[in-house]
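Data block for coords.cif (mmCIF, C-alpha atoms (C1' of nucleotides)):
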data_target
loop_
_atom_site.group_PDB
_atom_site.id
_atom_site.type_symbol
_atom_site.label_atom_id
_atom_site.label_comp_id
_atom_site.auth_asym_id
_atom_site.auth_seq_id
_atom_site.Cartn_x
_atom_site.Cartn_y
_atom_site.Cartn_z
ATOM 1 C CA MET A 289 0.000 0.000 0.000
ATOM 2 C CA LYS A 290 1.268 3.465 -0.928
ATOM 3 C CA ILE A 291 0.124 6.638 0.763
ATOM 4 C CA ALA A 292 1.074 10.199 -0.163
ATOM 5 C CA THR A 293 0.610 13.884 0.552
ATOM 6 C CA TRP A 294 0.846 16.867 -1.792
ATOM 7 C CA ASN A 295 0.190 20.562 -1.338
ATOM 8 C CA VAL A 296 -1.040 21.389 -4.843
ATOM 9 C CA ASN A 297 -1.380 25.185 -4.352
ATOM 10 C CA SER A 298 -4.744 25.467 -6.163
ATOM 11 C CA LEU A 299 -6.380 22.292 -7.436
ATOM 12 C CA LYS A 300 -8.014 24.328 -10.189
ATOM 13 C CA VAL A 301 -4.608 25.172 -11.664
ATOM 14 C CA ARG A 302 -2.944 21.862 -10.755
ATOM 15 C CA LEU A 303 -5.625 19.321 -11.734
ATOM 16 C CA PRO A 304 -3.706 18.319 -14.906
ATOM 17 C CA HIS A 305 -0.571 17.733 -12.814
ATOM 18 C CA LEU A 306 -2.543 15.730 -10.259
ATOM 19 C CA LEU A 307 -4.008 13.467 -12.944
ATOM 20 C CA GLN A 308 -0.624 13.107 -14.661
ATOM 21 C CA TRP A 309 1.053 12.224 -11.374
ATOM 22 C CA LEU A 310 -1.633 9.710 -10.357
ATOM 23 C CA ALA A 311 -1.399 8.002 -13.748
ATOM 24 C CA ALA A 312 2.312 7.416 -13.143
ATOM 25 C CA HIS A 313 1.986 6.826 -9.377
ATOM 26 C CA PRO A 314 -1.348 5.162 -8.626
ATOM 27 C CA VAL A 315 -1.021 5.466 -4.850
ATOM 28 C CA ASP A 316 -3.768 3.992 -2.669
ATOM 29 C CA VAL A 317 -4.358 7.124 -0.588
ATOM 30 C CA LEU A 318 -3.435 10.723 -1.423
ATOM 31 C CA CYS A 319 -3.954 13.726 0.840
ATOM 32 C CA LEU A 320 -4.132 17.135 -0.849
ATOM 33 C CA GLN A 321 -3.748 20.580 0.685
ATOM 34 C CA GLU A 322 -4.467 24.108 -0.548
ATOM 35 C CA THR A 323 -7.175 23.036 -2.978
ATOM 36 C CA LYS A 324 -8.515 26.626 -2.746
ATOM 37 C CA LEU A 325 -11.925 25.499 -4.042
ATOM 38 C CA THR A 326 -15.392 25.703 -2.569
ATOM 39 C CA ASP A 327 -17.051 22.278 -2.463
ATOM 40 C CA ASP A 328 -19.385 23.087 -5.375
ATOM 41 C CA LYS A 329 -16.339 23.623 -7.609
ATOM 42 C CA PHE A 330 -14.411 20.478 -6.565
ATOM 43 C CA PRO A 331 -13.512 18.332 -9.625
ATOM 44 C CA VAL A 332 -15.231 15.151 -8.399
ATOM 45 C CA ALA A 333 -15.924 13.725 -11.865
ATOM 46 C CA GLU A 334 -12.327 14.046 -13.078
ATOM 47 C CA ILE A 335 -10.951 12.400 -9.937
ATOM 48 C CA GLU A 336 -13.496 9.579 -10.017
ATOM 49 C CA ALA A 337 -12.701 9.028 -13.679
ATOM 50 C CA ALA A 338 -9.078 8.528 -12.619
ATOM 51 C CA GLY A 339 -10.232 5.656 -10.395
ATOM 52 C CA TYR A 340 -10.450 7.373 -7.014
ATOM 53 C CA ASN A 341 -13.027 7.988 -4.355
ATOM 54 C CA VAL A 342 -12.696 11.391 -2.761
ATOM 55 C CA ALA A 343 -13.675 13.338 0.342
ATOM 56 C CA PHE A 344 -13.036 17.064 0.601
ATOM 57 C CA THR A 345 -13.744 20.250 2.461
ATOM 58 C CA GLY A 346 -12.903 23.610 0.987
ATOM 59 C CA GLN A 347 -13.462 27.343 1.037
ATOM 60 C CA LYS A 348 -13.009 30.285 -1.260
ATOM 61 C CA THR A 349 -9.461 31.442 -2.094
ATOM 62 C CA TYR A 350 -7.594 29.846 0.813
ATOM 63 C CA ASN A 351 -6.906 26.454 2.404
ATOM 64 C CA GLY A 352 -8.997 23.404 1.479
ATOM 65 C CA VAL A 353 -8.075 19.732 1.921
ATOM 66 C CA ALA A 354 -9.032 16.435 0.269
ATOM 67 C CA ILE A 355 -8.439 12.701 0.646
ATOM 68 C CA LEU A 356 -8.360 10.505 -2.469
ATOM 69 C CA ALA A 357 -8.499 6.714 -2.132
ATOM 70 C CA ARG A 358 -8.820 3.715 -4.420
ATOM 71 C CA ALA A 359 -10.862 1.866 -1.777
ATOM 72 C CA PRO A 360 -14.123 3.165 -0.262
ATOM 73 C CA ILE A 361 -13.871 6.120 2.129
ATOM 74 C CA THR A 362 -15.899 6.021 5.372
ATOM 75 C CA ASP A 363 -16.246 7.849 8.694
ATOM 76 C CA VAL A 364 -15.337 11.248 7.280
ATOM 77 C CA VAL A 365 -14.775 14.023 9.813
ATOM 78 C CA LYS A 366 -14.280 17.614 8.702
ATOM 79 C CA ASN A 367 -12.254 19.886 10.975
ATOM 80 C CA ASN A 368 -11.152 19.338 14.560
ATOM 81 C CA PRO A 369 -14.026 18.746 17.006
ATOM 82 C CA HIS A 370 -11.789 20.177 19.758
ATOM 83 C CA PHE A 371 -10.873 23.402 17.909
ATOM 84 C CA PRO A 372 -13.656 25.392 16.227
ATOM 85 C CA ASP A 373 -12.170 26.899 13.061
ATOM 86 C CA GLU A 374 -13.710 28.492 9.979
ATOM 87 C CA GLN A 375 -10.588 27.681 7.962
ATOM 88 C CA GLN A 376 -10.831 24.337 6.164
ATOM 89 C CA ARG A 377 -7.552 22.643 7.108
ATOM 90 C CA LEU A 378 -8.364 19.182 8.475
ATOM 91 C CA LEU A 379 -10.074 16.097 7.136
ATOM 92 C CA ALA A 380 -10.159 12.582 8.605
ATOM 93 C CA ALA A 381 -11.351 9.384 6.948
ATOM 94 C CA THR A 382 -11.085 5.612 7.214
ATOM 95 C CA VAL A 383 -9.784 3.592 4.242
ATOM 96 C CA ASP A 384 -9.089 -0.157 4.332
ATOM 97 C CA GLY A 385 -9.578 -0.086 8.103
ATOM 98 C CA LEU A 386 -6.811 2.505 8.555
ATOM 99 C CA ARG A 387 -7.382 6.026 9.830
ATOM 100 C CA PHE A 388 -6.052 8.887 7.704
ATOM 101 C CA ILE A 389 -5.902 12.550 8.625
ATOM 102 C CA CYS A 390 -5.106 15.197 6.020
ATOM 103 C CA ALA A 391 -3.653 18.326 7.626
ATOM 104 C CA TYR A 392 -2.840 21.797 6.326
ATOM 105 C CA VAL A 393 -1.122 23.448 9.279
ATOM 106 C CA PRO A 394 -1.307 27.271 9.296
ATOM 107 C CA ASN A 395 1.715 29.072 7.863
ATOM 108 C CA GLY A 396 2.166 31.483 10.753
ATOM 109 C CA GLN A 397 3.450 34.329 8.544
ATOM 110 C CA ALA A 398 5.939 35.765 11.073
ATOM 111 C CA VAL A 399 7.038 34.801 14.565
ATOM 112 C CA ASP A 400 4.811 36.430 17.220
ATOM 113 C CA SER A 401 2.273 37.675 14.660
ATOM 114 C CA ASP A 402 -1.435 36.964 15.184
ATOM 115 C CA LYS A 403 -1.157 34.195 12.593
ATOM 116 C CA TYR A 404 1.751 32.652 14.501
ATOM 117 C CA VAL A 405 -0.288 32.642 17.714
ATOM 118 C CA TYR A 406 -3.140 31.005 15.780
ATOM 119 C CA LYS A 407 -0.736 28.412 14.369
ATOM 120 C CA LEU A 408 0.456 27.359 17.824
ATOM 121 C CA ALA A 409 -3.102 27.264 19.223
ATOM 122 C CA TRP A 410 -4.209 25.251 16.184
ATOM 123 C CA LEU A 411 -1.391 22.737 16.740
ATOM 124 C CA ASP A 412 -2.292 22.441 20.417
ATOM 125 C CA GLY A 413 -5.902 21.728 19.447
ATOM 126 C CA LEU A 414 -4.695 19.164 16.905
ATOM 127 C CA LYS A 415 -2.713 17.403 19.639
ATOM 128 C CA THR A 416 -5.845 17.007 21.766
ATOM 129 C CA TRP A 417 -7.815 15.532 18.875
ATOM 130 C CA LEU A 418 -4.934 13.325 17.686
ATOM 131 C CA GLN A 419 -4.584 11.791 21.123
ATOM 132 C CA ALA A 420 -8.179 10.567 20.945
ATOM 133 C CA GLU A 421 -7.876 9.429 17.317
ATOM 134 C CA LEU A 422 -4.669 7.520 18.056
ATOM 135 C CA ALA A 423 -6.305 5.737 20.978
ATOM 136 C CA ALA A 424 -9.358 4.863 18.887
ATOM 137 C CA HIS A 425 -7.251 3.473 16.021
ATOM 138 C CA ALA A 426 -4.254 2.052 17.893
ATOM 139 C CA THR A 427 -4.732 -1.503 16.648
ATOM 140 C CA GLN A 428 -5.239 -0.931 12.925
ATOM 141 C CA GLY A 429 -3.151 2.210 12.728
ATOM 142 C CA LEU A 430 -3.295 5.901 11.873
ATOM 143 C CA ALA A 431 -1.388 8.181 9.523
ATOM 144 C CA ILE A 432 -1.510 11.962 9.531
ATOM 145 C CA LEU A 433 -0.198 13.415 6.299
ATOM 146 C CA GLY A 434 0.121 16.982 5.180
ATOM 147 C CA ASP A 435 1.805 20.327 4.951
ATOM 148 C CA TYR A 436 2.970 21.029 8.512
ATOM 149 C CA ASN A 437 4.686 24.305 7.672
ATOM 150 C CA ILE A 438 7.433 23.249 10.093
ATOM 151 C CA ALA A 439 10.966 22.124 9.258
ATOM 152 C CA PRO A 440 11.635 19.654 12.112
ATOM 153 C CA GLU A 441 15.429 20.075 12.289
ATOM 154 C CA ASP A 442 18.217 22.192 10.817
ATOM 155 C CA ARG A 443 19.046 19.397 8.368
ATOM 156 C CA ASP A 444 15.600 20.024 6.868
ATOM 157 C CA VAL A 445 16.599 23.605 5.956
ATOM 158 C CA HIS A 446 18.841 24.670 3.039
ATOM 159 C CA ASP A 447 20.364 27.530 5.036
ATOM 160 C CA PRO A 448 19.802 26.954 8.762
ATOM 161 C CA ALA A 449 21.650 30.133 9.758
ATOM 162 C CA ALA A 450 19.462 32.333 7.585
ATOM 163 C CA TRP A 451 16.291 30.603 8.797
ATOM 164 C CA ALA A 452 17.244 30.399 12.478
ATOM 165 C CA GLY A 453 14.351 31.538 14.632
ATOM 166 C CA GLN A 454 12.220 32.395 11.593
ATOM 167 C CA VAL A 455 8.701 31.155 11.058
ATOM 168 C CA LEU A 456 8.653 27.470 9.953
ATOM 169 C CA CYS A 457 11.873 26.903 11.944
ATOM 170 C CA SER A 458 11.270 28.511 15.342
ATOM 171 C CA ASP A 459 11.714 26.600 18.588
ATOM 172 C CA LYS A 460 8.029 26.852 19.532
ATOM 173 C CA GLU A 461 6.904 25.423 16.209
ATOM 174 C CA ARG A 462 9.417 22.593 16.407
ATOM 175 C CA ALA A 463 8.328 21.876 19.975
ATOM 176 C CA ALA A 464 4.688 21.759 18.849
ATOM 177 C CA LEU A 465 5.580 19.221 16.145
ATOM 178 C CA GLN A 466 7.609 17.200 18.653
ATOM 179 C CA ALA A 467 4.584 17.178 20.970
ATOM 180 C CA LEU A 468 2.615 15.459 18.198
ATOM 181 C CA LEU A 469 5.414 12.905 17.733
ATOM 182 C CA ASP A 470 5.455 12.332 21.488
ATOM 183 C CA LEU A 471 1.854 11.085 21.276
ATOM 184 C CA GLY A 472 3.281 8.022 19.528
ATOM 185 C CA LEU A 473 3.943 9.068 15.930
ATOM 186 C CA SER A 474 7.026 8.707 13.733
ATOM 187 C CA ASP A 475 8.233 10.851 10.823
ATOM 188 C CA ALA A 476 8.176 8.246 8.039
ATOM 189 C CA PHE A 477 10.907 10.039 6.080
ATOM 190 C CA ARG A 478 13.394 9.670 8.923
ATOM 191 C CA LEU A 479 12.827 5.943 9.349
ATOM 192 C CA PHE A 480 15.211 5.509 6.415
ATOM 193 C CA GLU A 481 18.572 6.653 5.102
ATOM 194 C CA GLN A 482 17.994 9.794 3.037
ATOM 195 C CA ALA A 483 20.108 12.047 0.860
ATOM 196 C CA ASP A 484 21.373 15.243 2.465
ATOM 197 C CA LYS A 485 19.428 18.378 1.559
ATOM 198 C CA SER A 486 16.148 16.564 0.910
ATOM 199 C CA PHE A 487 13.342 19.121 0.747
ATOM 200 C CA SER A 488 9.634 19.167 -0.107
ATOM 201 C CA TRP A 489 9.126 22.878 -0.804
ATOM 202 C CA TRP A 490 11.126 25.436 -2.778
ATOM 203 C CA ASP A 491 10.420 29.147 -3.136
ATOM 204 C CA TYR A 492 9.195 30.219 -6.567
ATOM 205 C CA ARG A 493 11.647 33.122 -6.337
ATOM 206 C CA GLN A 494 15.437 33.185 -6.593
ATOM 207 C CA LEU A 495 15.633 29.994 -8.689
ATOM 208 C CA GLY A 496 14.758 28.235 -5.441
ATOM 209 C CA PHE A 497 14.236 24.813 -6.983
ATOM 210 C CA ARG A 498 17.157 24.873 -9.370
ATOM 211 C CA LEU A 499 19.501 25.867 -6.539
ATOM 212 C CA ASN A 500 17.739 23.435 -4.154
ATOM 213 C CA LYS A 501 17.047 26.247 -1.702
ATOM 214 C CA GLY A 502 14.218 24.464 0.034
ATOM 215 C CA LEU A 503 12.691 23.228 3.254
ATOM 216 C CA ARG A 504 11.264 19.868 4.284
ATOM 217 C CA ILE A 505 7.874 20.873 5.679
ATOM 218 C CA ASP A 506 5.550 18.198 4.244
ATOM 219 C CA HIS A 507 5.431 15.090 6.386
ATOM 220 C CA ILE A 508 3.854 11.674 6.838
ATOM 221 C CA LEU A 509 3.527 10.760 10.510
ATOM 222 C CA LEU A 510 2.736 7.139 11.356
ATOM 223 C CA SER A 511 1.361 5.503 14.476
ATOM 224 C CA ASP A 512 3.334 2.569 15.866
ATOM 225 C CA ALA A 513 1.193 0.002 14.040
ATOM 226 C CA LEU A 514 1.958 1.651 10.680
ATOM 227 C CA ARG A 515 5.551 2.456 11.515
ATOM 228 C CA ALA A 516 6.098 -1.296 11.822
ATOM 229 C CA ARG A 517 4.694 -1.729 8.291
ATOM 230 C CA CYS A 518 6.549 1.148 6.628
ATOM 231 C CA THR A 519 9.236 -0.028 4.170
ATOM 232 C CA ALA A 520 10.063 3.221 2.328
ATOM 233 C CA CYS A 521 9.479 6.965 2.230
ATOM 234 C CA SER A 522 10.595 9.420 -0.436
ATOM 235 C CA ILE A 523 9.982 12.856 -1.912
ATOM 236 C CA ASP A 524 9.116 12.958 -5.615
ATOM 237 C CA ARG A 525 10.817 16.040 -7.050
ATOM 238 C CA GLU A 526 9.660 15.343 -10.619
ATOM 239 C CA PRO A 527 6.387 17.343 -10.650
ATOM 240 C CA ARG A 528 8.266 20.372 -9.313
ATOM 241 C CA LYS A 529 10.080 20.385 -12.693
ATOM 242 C CA TRP A 530 6.873 20.476 -14.733
ATOM 243 C CA GLU A 531 5.519 23.620 -16.332
ATOM 244 C CA GLN A 532 3.627 25.873 -13.870
ATOM 245 C CA PRO A 533 4.262 23.609 -10.878
ATOM 246 C CA SER A 534 3.107 23.674 -7.291
ATOM 247 C CA ASP A 535 5.871 24.952 -5.025
ATOM 248 C CA HIS A 536 5.551 21.673 -3.037
ATOM 249 C CA ALA A 537 6.516 18.136 -4.052
ATOM 250 C CA PRO A 538 4.598 14.960 -3.155
ATOM 251 C CA VAL A 539 5.845 12.781 -0.290
ATOM 252 C CA VAL A 540 5.166 9.054 -0.601
ATOM 253 C CA ALA A 541 5.355 6.231 1.959
ATOM 254 C CA THR A 542 5.091 2.494 1.301
ATOM 255 C CA LEU A 543 3.352 0.183 3.790
ATOM 256 C CA SER A 544 3.753 -3.594 3.652
ATOM 257 C "C1'" DA B 846 19.316 46.404 -4.279
ATOM 258 C "C1'" DT B 847 16.286 43.233 2.325
ATOM 259 C "C1'" DG B 848 12.954 42.003 -3.120
ATOM 260 C "C1'" DG B 849 12.676 38.833 -6.556
ATOM 261 C "C1'" DC B 850 7.274 34.428 -7.687
ATOM 262 C "C1'" DC B 851 2.649 32.610 -7.857
ATOM 263 C "C1'" DA B 852 -2.575 32.241 -7.035
ATOM 264 C "C1'" DT B 853 -6.749 34.707 -6.073
ATOM 265 C "C1'" DA B 854 -10.130 38.274 -6.666
ATOM 266 C "C1'" DG B 855 -11.150 40.888 -10.310
ATOM 267 C "C1'" DT B 856 -9.073 44.660 -14.068
ATOM 268 C "C1'" DG B 857 -5.697 48.116 -9.781
ATOM 269 C "C1'" DT B 858 -3.304 46.169 -6.875
ATOM 270 C "C1'" DA B 859 -3.730 43.940 -2.254
ATOM 271 C "C1'" DT B 860 -3.274 39.638 0.466
ATOM 272 C "C1'" DG B 861 -1.298 35.298 1.581
ATOM 273 C "C1'" DG B 862 1.880 31.923 0.998
ATOM 274 C "C1'" DA B 863 6.642 29.869 3.136
#
How would this structure read if it were set down as structure tokens?
Amino acid sequence: MKIATWNVNSLKVRLPHLLQWLAAHPVDVLCLQETKLTDDKFPVAEIEAAGYNVAFTGQKTYNGVAILARAPITDVVKNNPHFPDEQQRLLAATVDGLRFICAYVPNGQAVDSDKYVYKLAWLDGLKTWLQAELAAHATQGLAILGDYNIAPEDRDVHDPAAWAGQVLCSDKERAALQALLDLGLSDAFRLFEQADKSFSWWDYRQLGFRLNKGLRIDHILLSDALRARCTACSIDREPRKWEQPSDHAPVVATLS
DNA sequence: ATGGCCATAGTGTATGGA
């Protein structure tokens, strides 16, 4: 079984890339972030024609998440019951008996800004909900995939000195991510040997991708039951090379 | 050169992203 996450930065613009990528990589479950589409505009027919079931929750202009799956999708939950939020950033669903959560963590804009305060509160609320979800799905397993907008360590940053203390890299954000891991989750990417300077996002400016000036901020976190089944995890840089790409690359994990 | 790009809403240019 293959599971993946991809921040598409507008599903309206990136639908051709999504369909092209799925044709080459027919993963079993794919979590999308930043669809930026209200539900009435979601491309259900195109995704079903590609052989996927889909659950989604969106809004105008910003945010929006979706879960695509080859198998039936059940027990869909939109948003965090423990954190009332008008922004559409969380979606949970069960596929093949496994629990999947698609997460688009707030960006935070700048350390100590209102958006940064919201980001930390949002992550604290996520922790409360995750604790319950992990307990409810301990046996079969849970995966939470998405754009965390946090680079866990300096080795996940192209220029740690320049980014030190900045949003996406600050101590409080890293501590909030660690608090999620401490619930009993593992960063799938770090279960394996990986190339140095592996990133999942590159700025559109400054030839960011060509110079590999990126960050690793998109993650697949696995509960213990799924960690034991995980045999690989990689970042697919290919779609970042396509014409008019998303600034994020897909992250893929393989489960035995 | 402390900003460069991209998407959205909507036709000027502001906001948000990361």
**Prompt:** Written as a PyMOL selection string, which residues does the PyMOL selection byres ((chain A) within 6 of (chain B)) give for the file shown?
**Reply:** chain A and resi 349+492-493
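Under the PyMOL selection byres ((chain A and resi 473-478) around 8), the matching residues in the shown file are A:Leu468, A:Leu469, A:Asp470, A:Leu471, A:Gly472, A:Leu479, A:Phe480, A:Glu481, A:Gln482, A:His507, A:Ile508, A:Leu509, A:Leu510, A:Ser511, A:Asp512, A:Arg515, A:Cys518, A:Ala520, A:Cys521, A:Ser522, A:Ala541.
Atom CA of Gly413 of chain A to atom CA of His370 of chain A spans 6.1 Å [interatomic distance, one decimal].
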**Prompt:** How far is it from atom CA of Asp444 of chain A to atom CA of Gln321 of chain A, in Å with one decimal?
**Reply:**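 Going from atom CA of Asp444 of chain A over to atom CA of Gln321 of chain A covers 20.3 Å.
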For segment 402-406 of chain A, what centre and edge lengths in Å (one decimal) does the axis-aligned box get once 4 Å is added on each side of all its listed atoms, as lines of an AutoDock Vina configuration file?
center_x = -0.7
center_y = 34.0
center_z = 15.2
size_x = 12.9
size_y = 14.0
size_z = 13.1
**Request:** Just the residues within 10 Å of segment 447-451 of chain A, please, counting all atoms listed in the file, with nothing from its chain fewer than 4 positions along; format it as a list in words.
**Result:** Glu441, Asp442, Arg443, Val455, Leu456, Cys457, Ser458, Lys485, Lys501, Gly502 and Leu503 of chain A
**Request:** Select, from A:Leu303, A:Lys403, A:Leu499, A:Arg525, the residue with the minimum atom-to-atom distance to Ala333 of chain A, counting only C-alpha atoms.
**Result:**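 Closest to Ala333 of chain A of all the choices is A:Leu303.
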**Item:** Non-local contacts of segment 425-430 of chain A (8 Å; all atoms listed in the file; under 2 positions in same chain excluded) as a list in words
**Value:**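 Close residues of segment 425-430 of chain A: Gly385, Leu386, Arg387, Phe388, Ile389, Glu421, Leu422, Ala423, Ile432, Leu510, Ser511, Asp512, Ala513 and Leu514 of chain A.
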Can you write just those residues out, C-alpha atoms, as an mmCIF file, keeping the file's coordinate frame?
data_model
loop_
_atom_site.group_PDB
_atom_site.id
_atom_site.type_symbol
_atom_site.label_atom_id
_atom_site.label_comp_id
_atom_site.auth_asym_id
_atom_site.auth_seq_id
_atom_site.Cartn_x
_atom_site.Cartn_y
_atom_site.Cartn_z
ATOM 1 C CA GLY A 385 -9.578 -0.086 8.103
ATOM 2 C CA LEU A 386 -6.811 2.505 8.555
ATOM 3 C CA ARG A 387 -7.382 6.026 9.830
ATOM 4 C CA PHE A 388 -6.052 8.887 7.704
ATOM 5 C CA ILE A 389 -5.902 12.550 8.625
ATOM 6 C CA GLU A 421 -7.876 9.429 17.317
ATOM 7 C CA LEU A 422 -4.669 7.520 18.056
ATOM 8 C CA ALA A 423 -6.305 5.737 20.978
ATOM 9 C CA ILE A 432 -1.510 11.962 9.531
ATOM 10 C CA LEU A 510 2.736 7.139 11.356
ATOM 11 C CA SER A 511 1.361 5.503 14.476
ATOM 12 C CA ASP A 512 3.334 2.569 15.866
ATOM 13 C CA ALA A 513 1.193 0.002 14.040
ATOM 14 C CA LEU A 514 1.958 1.651 10.680
#
**Point-to-point distance in Å for atom CA of Lys366 of chain A and atom CA of Lys460 of chain A** =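 Those two atoms sit 26.5 Å apart.
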**Message:** Selection in question (the file shown): the PyMOL selection byres ((chain A and resi 359) around 10). Which residues does it include, as a ChimeraX atom specification?
**Reply:** /A:316-317,339-342,356-358,360-362,382-384
Polymer residues at most 6 Å from Leu318 of chain A, all atoms listed in the file, same-chain spacing of 5 or more positions, as a PDB file with C-alpha atoms, in the frame of the given file:
ATOM      1  CA  ILE A 291       0.124   6.638   0.763  1.00  0.00           C
ATOM      2  CA  ALA A 292       1.074  10.199  -0.163  1.00  0.00           C
ATOM      3  CA  THR A 293       0.610  13.884   0.552  1.00  0.00           C
ATOM      4  CA  ILE A 355      -8.439  12.701   0.646  1.00  0.00           C
ATOM      5  CA  LEU A 356      -8.360  10.505  -2.469  1.00  0.00           C
TER       6      LEU A 356
END
**Request:** Name all residues at most 12 Å from Asp328 of chain A (count only C-alpha atoms (C1' of nucleotides); drop same-chain ones fewer than 6 positions away) and give them as a ChimeraX atom specification.
**Result:** /A:344-348
Please produce an output containing C-alpha atoms for each residue in the selection, written as a short mmCIF file (atom, residue, chain, number, x, y, z; two decimals), keeping the file's coordinate frame.
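File produced: out_20.cif:
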data_model
loop_
_atom_site.label_atom_id
_atom_site.label_comp_id
_atom_site.auth_asym_id
_atom_site.auth_seq_id
_atom_site.Cartn_x
_atom_site.Cartn_y
_atom_site.Cartn_z
CA PHE A 344 -13.04 17.06 0.60
CA THR A 345 -13.74 20.25 2.46
CA GLY A 346 -12.90 23.61 0.99
CA GLN A 347 -13.46 27.34 1.04
CA LYS A 348 -13.01 30.28 -1.26
#
**Request:** Mind listing whatever residues come within 12 Å of the point (-12.8, 23.3, 15.7)? Use all atoms listed in the file, file coordinates, and give them as number ranges by chain.
**Result:** A: 365-379, 409-414, 416-417
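Of the residues under consideration (A:Gln308, A:Val296, A:Ala420, A:Ala337), A:Val296 shows the shortest atom-to-atom contact distance to Pro538 of chain A when counting all atoms listed in the file.
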**Request:** Please provide the set of residues having any atom within 10 Å of Val301 of chain A, restricted to all atoms listed in the file, with same-chain residues fewer than 4 positions apart removed, written as a list of chain:residue names.
**Result:**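 In the requested form, the answer reads A:Val296, A:Asn297, A:His305, A:Leu306, A:Thr323, A:Lys324, A:Gln532, A:Pro533, A:Ser534, B:DA852.
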Residues from the last selection, C-alpha atoms (C1' of nucleotides), saved as an mmCIF file, in the frame of the given file:
data_model
loop_
_atom_site.group_PDB
_atom_site.id
_atom_site.type_symbol
_atom_site.label_atom_id
_atom_site.label_comp_id
_atom_site.auth_asym_id
_atom_site.auth_seq_id
_atom_site.Cartn_x
_atom_site.Cartn_y
_atom_site.Cartn_z
ATOM 1 C CA VAL A 296 -1.040 21.389 -4.843
ATOM 2 C CA ASN A 297 -1.380 25.185 -4.352
ATOM 3 C CA HIS A 305 -0.571 17.733 -12.814
ATOM 4 C CA LEU A 306 -2.543 15.730 -10.259
ATOM 5 C CA THR A 323 -7.175 23.036 -2.978
ATOM 6 C CA LYS A 324 -8.515 26.626 -2.746
ATOM 7 C CA GLN A 532 3.627 25.873 -13.870
ATOM 8 C CA PRO A 533 4.262 23.609 -10.878
ATOM 9 C CA SER A 534 3.107 23.674 -7.291
ATOM 10 C "C1'" DA B 852 -2.575 32.241 -7.035
#
